[in-house]
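J.: Dropping the structure in here first, questions after.
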Amino acid sequence: MSTPQSRPPVRRALRRLPLNAAAALTVVVCLFPVYWMVTTAFKPSTDIQSYDPRLVPSRWTFEHFRVAVEADGFALFWRNSLLVTLSAVLLALLVALGAAYAVARMRWRGRRQFMLAVFIAQMAPWESLIIPIYIISRDTGMLDRLPTLTLIYFMITLPFTVVVLRGFIAGIPPELEEAAQVDGCTRAGAFRKVAFPLLAPGLMATSLFGFITAWNEFTYANFLIIKQQDSRTLPVWLSSFQSTFGTDWGATMAASTLFALPALIIFLALQRHVTAGLASGGVKG
């Protein structure tokens, strides 16, 4: 027989049961496509083409990974994606850091209008700008070039980076920088020595978002890199496994698994620090 002391925890557990079940269902729905992609990459072709789908491969094989790695342009497109993505993320961080600091710490005319414009740019669907960007790139001779993709990914990730970093900078007490200035630091020196180290969670969060956004982008890479095949990126390379004779699903899933690994590794490496920084909720003196 339950005691009165044991009833409240039981009731709380029963109340949380629907939420826990909904959370578990959400996890399964989100992760099942990823699980299917990875297991299909290891399945033999007979299992993939079978009318009776298997949740677990009957026999594990690395043949599809060999086909993906030996495909034309694998190493080249991998290098292109890394170069474009890292360049866009670093450029966005540098520009956004200055803009976010100016909005969070300085008072100047048009500051609110500037942030409104940033929010509008963040909400705008970038796919609607394909035709204008294509015309500008064509008229300036920037088609089929990796710097063009770098600038586009920089523009896509910049508004979000400004908004997030502005919030982090505003959350740092300005008295810390003022105290450093009293001790002899310049304004730039106070920011570099006091505020910048406290921005690590914000920098990691925005870097993670920017990397995943630029790494997965397909539309602009496929639309602006037309003639120069050597300038294409990995998302476009994945379409090479489709032909008029059908789709090599095993190689496609293996290539997709390899394609997802860098973003997954970076997420696993940064998420603990980002979560810890966001959960701290303040500055420790």
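Just so we're on the same page: first chain in the structure tokens is A, next is B, and so on; residues restart at 1 for each chain, and ligands are numbered from 1 in the order they show up.
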Output as a list of chain:residue names all residues of region 69-263 of chain A that backbone DSSP marks as strand (DSSP E).
T.: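 The strand (DSSP E) residues within region 69-263 of chain A come out as A:Gln242, A:Ser243, A:Gly246, A:Thr247.
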J.: For region 113-118 of chain A, please output as number ranges by chain all residues within 12 Å (counting only C-alpha atoms; exclusion window: fewer than 6 positions along the same chain).
T.: A: 96, 99-100, 102-104, 124, 155-164, 166-167
J.: Leaving out Ser256 (chain A) and any residue of its chain fewer than 4 positions from it, which residues lie within 8 Å of it when counting only C-alpha atoms, given as a PyMOL selection string?
T.: chain A and resi 37+238+252+260
J.: Would you mind writing down, as a PyMOL selection string, each residue of region 24-201 of chain A that DSSP on the backbone assigns to alpha helix (DSSP H)?
T.: chain A and resi 24-42+45-48+63-69+74-105+111-123+130-139+146-170+174-182+187-190+196-198+200-201
J.: Using only C-alpha atoms, pick whichever of A:Gln271, A:Trp78, A:Ile136, A:Ser239 has the shortest atom-to-atom distance to Leu203 (chain A).
T.: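 Smallest separation from Leu203 (chain A) among the options: A:Gln271.
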J.: Just want the 8 Å neighbourhood of region 48-56 of chain A, counted on only C-alpha atoms, with same-chain residues fewer than 3 positions away dropped. Output as an MDAnalysis selection string.
T.: chainID A and resid 36 39:40 43:45 249:250
J.: Would you mind exporting all heavy atoms of the selected residues as a compact mmCIF listing (two decimals), in the first residue's frame?
T.:
# COMPACT_ATOMS: atom_id res chain seq x y z
N TRP A 36 17.68 5.01 -41.40
CA TRP A 36 17.44 4.30 -42.66
C TRP A 36 18.53 4.62 -43.68
O TRP A 36 18.95 3.75 -44.44
CB TRP A 36 16.06 4.68 -43.20
CG TRP A 36 15.60 3.81 -44.34
CD1 TRP A 36 15.64 4.10 -45.67
CD2 TRP A 36 15.09 2.49 -44.23
NE1 TRP A 36 15.15 3.05 -46.40
CE2 TRP A 36 14.80 2.04 -45.54
CE3 TRP A 36 14.82 1.64 -43.14
CZ2 TRP A 36 14.28 0.79 -45.80
CZ3 TRP A 36 14.29 0.39 -43.40
CH2 TRP A 36 14.03 -0.03 -44.72
N THR A 39 21.77 2.64 -42.51
CA THR A 39 21.67 1.19 -42.70
C THR A 39 21.59 0.83 -44.18
O THR A 39 22.13 -0.21 -44.59
CB THR A 39 20.44 0.64 -41.96
OG1 THR A 39 19.26 1.35 -42.39
CG2 THR A 39 20.61 0.77 -40.47
N THR A 40 20.93 1.66 -44.98
CA THR A 40 20.88 1.39 -46.42
C THR A 40 22.27 1.46 -47.04
O THR A 40 22.58 0.72 -47.99
CB THR A 40 19.95 2.40 -47.11
OG1 THR A 40 18.65 2.32 -46.52
CG2 THR A 40 19.83 2.11 -48.60
N LYS A 43 23.70 -1.93 -46.59
CA LYS A 43 22.95 -3.07 -47.09
C LYS A 43 23.47 -3.52 -48.45
O LYS A 43 23.86 -2.68 -49.27
CB LYS A 43 21.47 -2.72 -47.23
CG LYS A 43 20.72 -2.54 -45.93
CD LYS A 43 19.27 -2.16 -46.19
CE LYS A 43 18.51 -1.94 -44.90
NZ LYS A 43 17.11 -1.51 -45.14
N PRO A 44 23.48 -4.80 -48.75
CA PRO A 44 23.77 -5.25 -50.11
C PRO A 44 22.63 -4.84 -51.05
O PRO A 44 21.51 -4.56 -50.63
CB PRO A 44 23.86 -6.78 -49.98
CG PRO A 44 23.08 -7.10 -48.74
CD PRO A 44 23.23 -5.92 -47.82
N SER A 45 22.93 -4.78 -52.33
CA SER A 45 21.95 -4.31 -53.30
C SER A 45 20.70 -5.17 -53.31
O SER A 45 19.59 -4.66 -53.58
CB SER A 45 22.58 -4.29 -54.71
OG SER A 45 23.69 -3.41 -54.74
N TRP A 249 20.99 3.58 -55.27
CA TRP A 249 20.58 3.99 -53.93
C TRP A 249 21.62 3.64 -52.88
O TRP A 249 21.81 4.39 -51.91
CB TRP A 249 19.24 3.36 -53.57
CG TRP A 249 18.11 3.91 -54.36
CD1 TRP A 249 17.36 3.28 -55.31
CD2 TRP A 249 17.59 5.24 -54.27
NE1 TRP A 249 16.42 4.13 -55.82
CE2 TRP A 249 16.53 5.36 -55.19
CE3 TRP A 249 17.93 6.37 -53.50
CZ2 TRP A 249 15.80 6.52 -55.38
CZ3 TRP A 249 17.20 7.53 -53.67
CH2 TRP A 249 16.16 7.60 -54.60
N GLY A 250 22.30 2.55 -53.03
CA GLY A 250 23.33 2.19 -52.06
C GLY A 250 24.46 3.20 -52.04
O GLY A 250 24.86 3.69 -50.97
J.: Grab the CA of Leu94 (chain A) to CA of Arg187 (chain A) distance for me, in Å with one decimal place.
T.: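 For CA of Leu94 (chain A) relative to CA of Arg187 (chain A), the distance reads 17.5 Å.
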J.: Using only C-alpha atoms for the distances, tell me which of A:Phe154, A:Phe168, A:Tyr134, A:Tyr35 is nearest to Met204 (chain A).
T.: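 Ranking A:Phe154, A:Phe168, A:Tyr134, A:Tyr35 by distance to Met204 (chain A), first place goes to A:Phe168.
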J.: Would you work out the distance separating CA of Phe119 (chain A) from CA of Trp215 (chain A), expressed in Å to one decimal?
T.: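 Between these atoms lies a distance of 22.7 Å.
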J.: Would you list the contacts of Ala41 (chain A) as a compact mmCIF listing (two decimals) with N, CA, C and O atoms, in the first residue's frame, taking every protein, DNA or RNA residue within 7 Å and counting only C-alpha atoms, but skipping same-chain residues closer than 5 positions in sequence?
T.:
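As a result, part_5.txt now contains:
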# COMPACT_ATOMS: atom_id res chain seq x y z
N HIS A 64 29.27 -0.03 -51.13
CA HIS A 64 28.69 1.25 -51.55
C HIS A 64 29.59 2.42 -51.15
O HIS A 64 29.69 3.40 -51.90
N GLY A 250 22.30 2.55 -53.03
CA GLY A 250 23.33 2.19 -52.06
C GLY A 250 24.46 3.20 -52.04
O GLY A 250 24.86 3.69 -50.97
N ALA A 251 24.96 3.57 -53.22
CA ALA A 251 26.02 4.57 -53.29
C ALA A 251 25.53 5.94 -52.87
O ALA A 251 26.26 6.71 -52.23
N MET A 253 23.17 6.58 -50.62
CA MET A 253 23.08 6.61 -49.16
C MET A 253 24.47 6.62 -48.52
O MET A 253 24.68 7.27 -47.48
N ALA A 254 25.41 5.90 -49.11
CA ALA A 254 26.78 5.92 -48.58
C ALA A 254 27.39 7.31 -48.73
O ALA A 254 28.03 7.82 -47.79
J.: Give me the residues within 8 Å of Ile225 (chain A) as an MDAnalysis selection string, counting only C-alpha atoms and dropping any in the same chain fewer than 5 places off.
T.: chainID A and resid 143:145 220 231:232
J.: Please write the residues from the selection above to a file, keeping N, CA, C and O atoms, as a PDB file, in the first residue's frame.
T.:
ATOM      1  N   LEU A 143      30.043  33.993 -62.504  1.00  0.00           N
ATOM      2  CA  LEU A 143      29.457  32.665 -62.592  1.00  0.00           C
ATOM      3  C   LEU A 143      30.550  31.599 -62.570  1.00  0.00           C
ATOM      4  O   LEU A 143      31.690  31.849 -62.989  1.00  0.00           O
ATOM      5  N   ASP A 144      30.203  30.423 -62.093  1.00  0.00           N
ATOM      6  CA  ASP A 144      31.108  29.272 -62.085  1.00  0.00           C
ATOM      7  C   ASP A 144      32.359  29.519 -61.256  1.00  0.00           C
ATOM      8  O   ASP A 144      33.444  29.017 -61.586  1.00  0.00           O
ATOM      9  N   ARG A 145      32.227  30.285 -60.166  1.00  0.00           N
ATOM     10  CA  ARG A 145      33.376  30.569 -59.308  1.00  0.00           C
ATOM     11  C   ARG A 145      32.999  30.315 -57.847  1.00  0.00           C
ATOM     12  O   ARG A 145      31.905  30.676 -57.402  1.00  0.00           O
ATOM     13  N   TYR A 220      21.804  27.150 -54.813  1.00  0.00           N
ATOM     14  CA  TYR A 220      22.715  28.113 -55.427  1.00  0.00           C
ATOM     15  C   TYR A 220      23.924  27.411 -56.040  1.00  0.00           C
ATOM     16  O   TYR A 220      24.403  27.802 -57.113  1.00  0.00           O
ATOM     17  N   SER A 231      34.225  23.249 -59.902  1.00  0.00           N
ATOM     18  CA  SER A 231      33.897  24.214 -58.854  1.00  0.00           C
ATOM     19  C   SER A 231      32.640  23.827 -58.087  1.00  0.00           C
ATOM     20  O   SER A 231      32.162  24.608 -57.272  1.00  0.00           O
ATOM     21  N   ARG A 232      32.106  22.644 -58.328  1.00  0.00           N
ATOM     22  CA  ARG A 232      30.887  22.227 -57.653  1.00  0.00           C
ATOM     23  C   ARG A 232      31.202  21.728 -56.240  1.00  0.00           C
ATOM     24  O   ARG A 232      32.335  21.424 -55.906  1.00  0.00           O
TER      25      ARG A 232
END
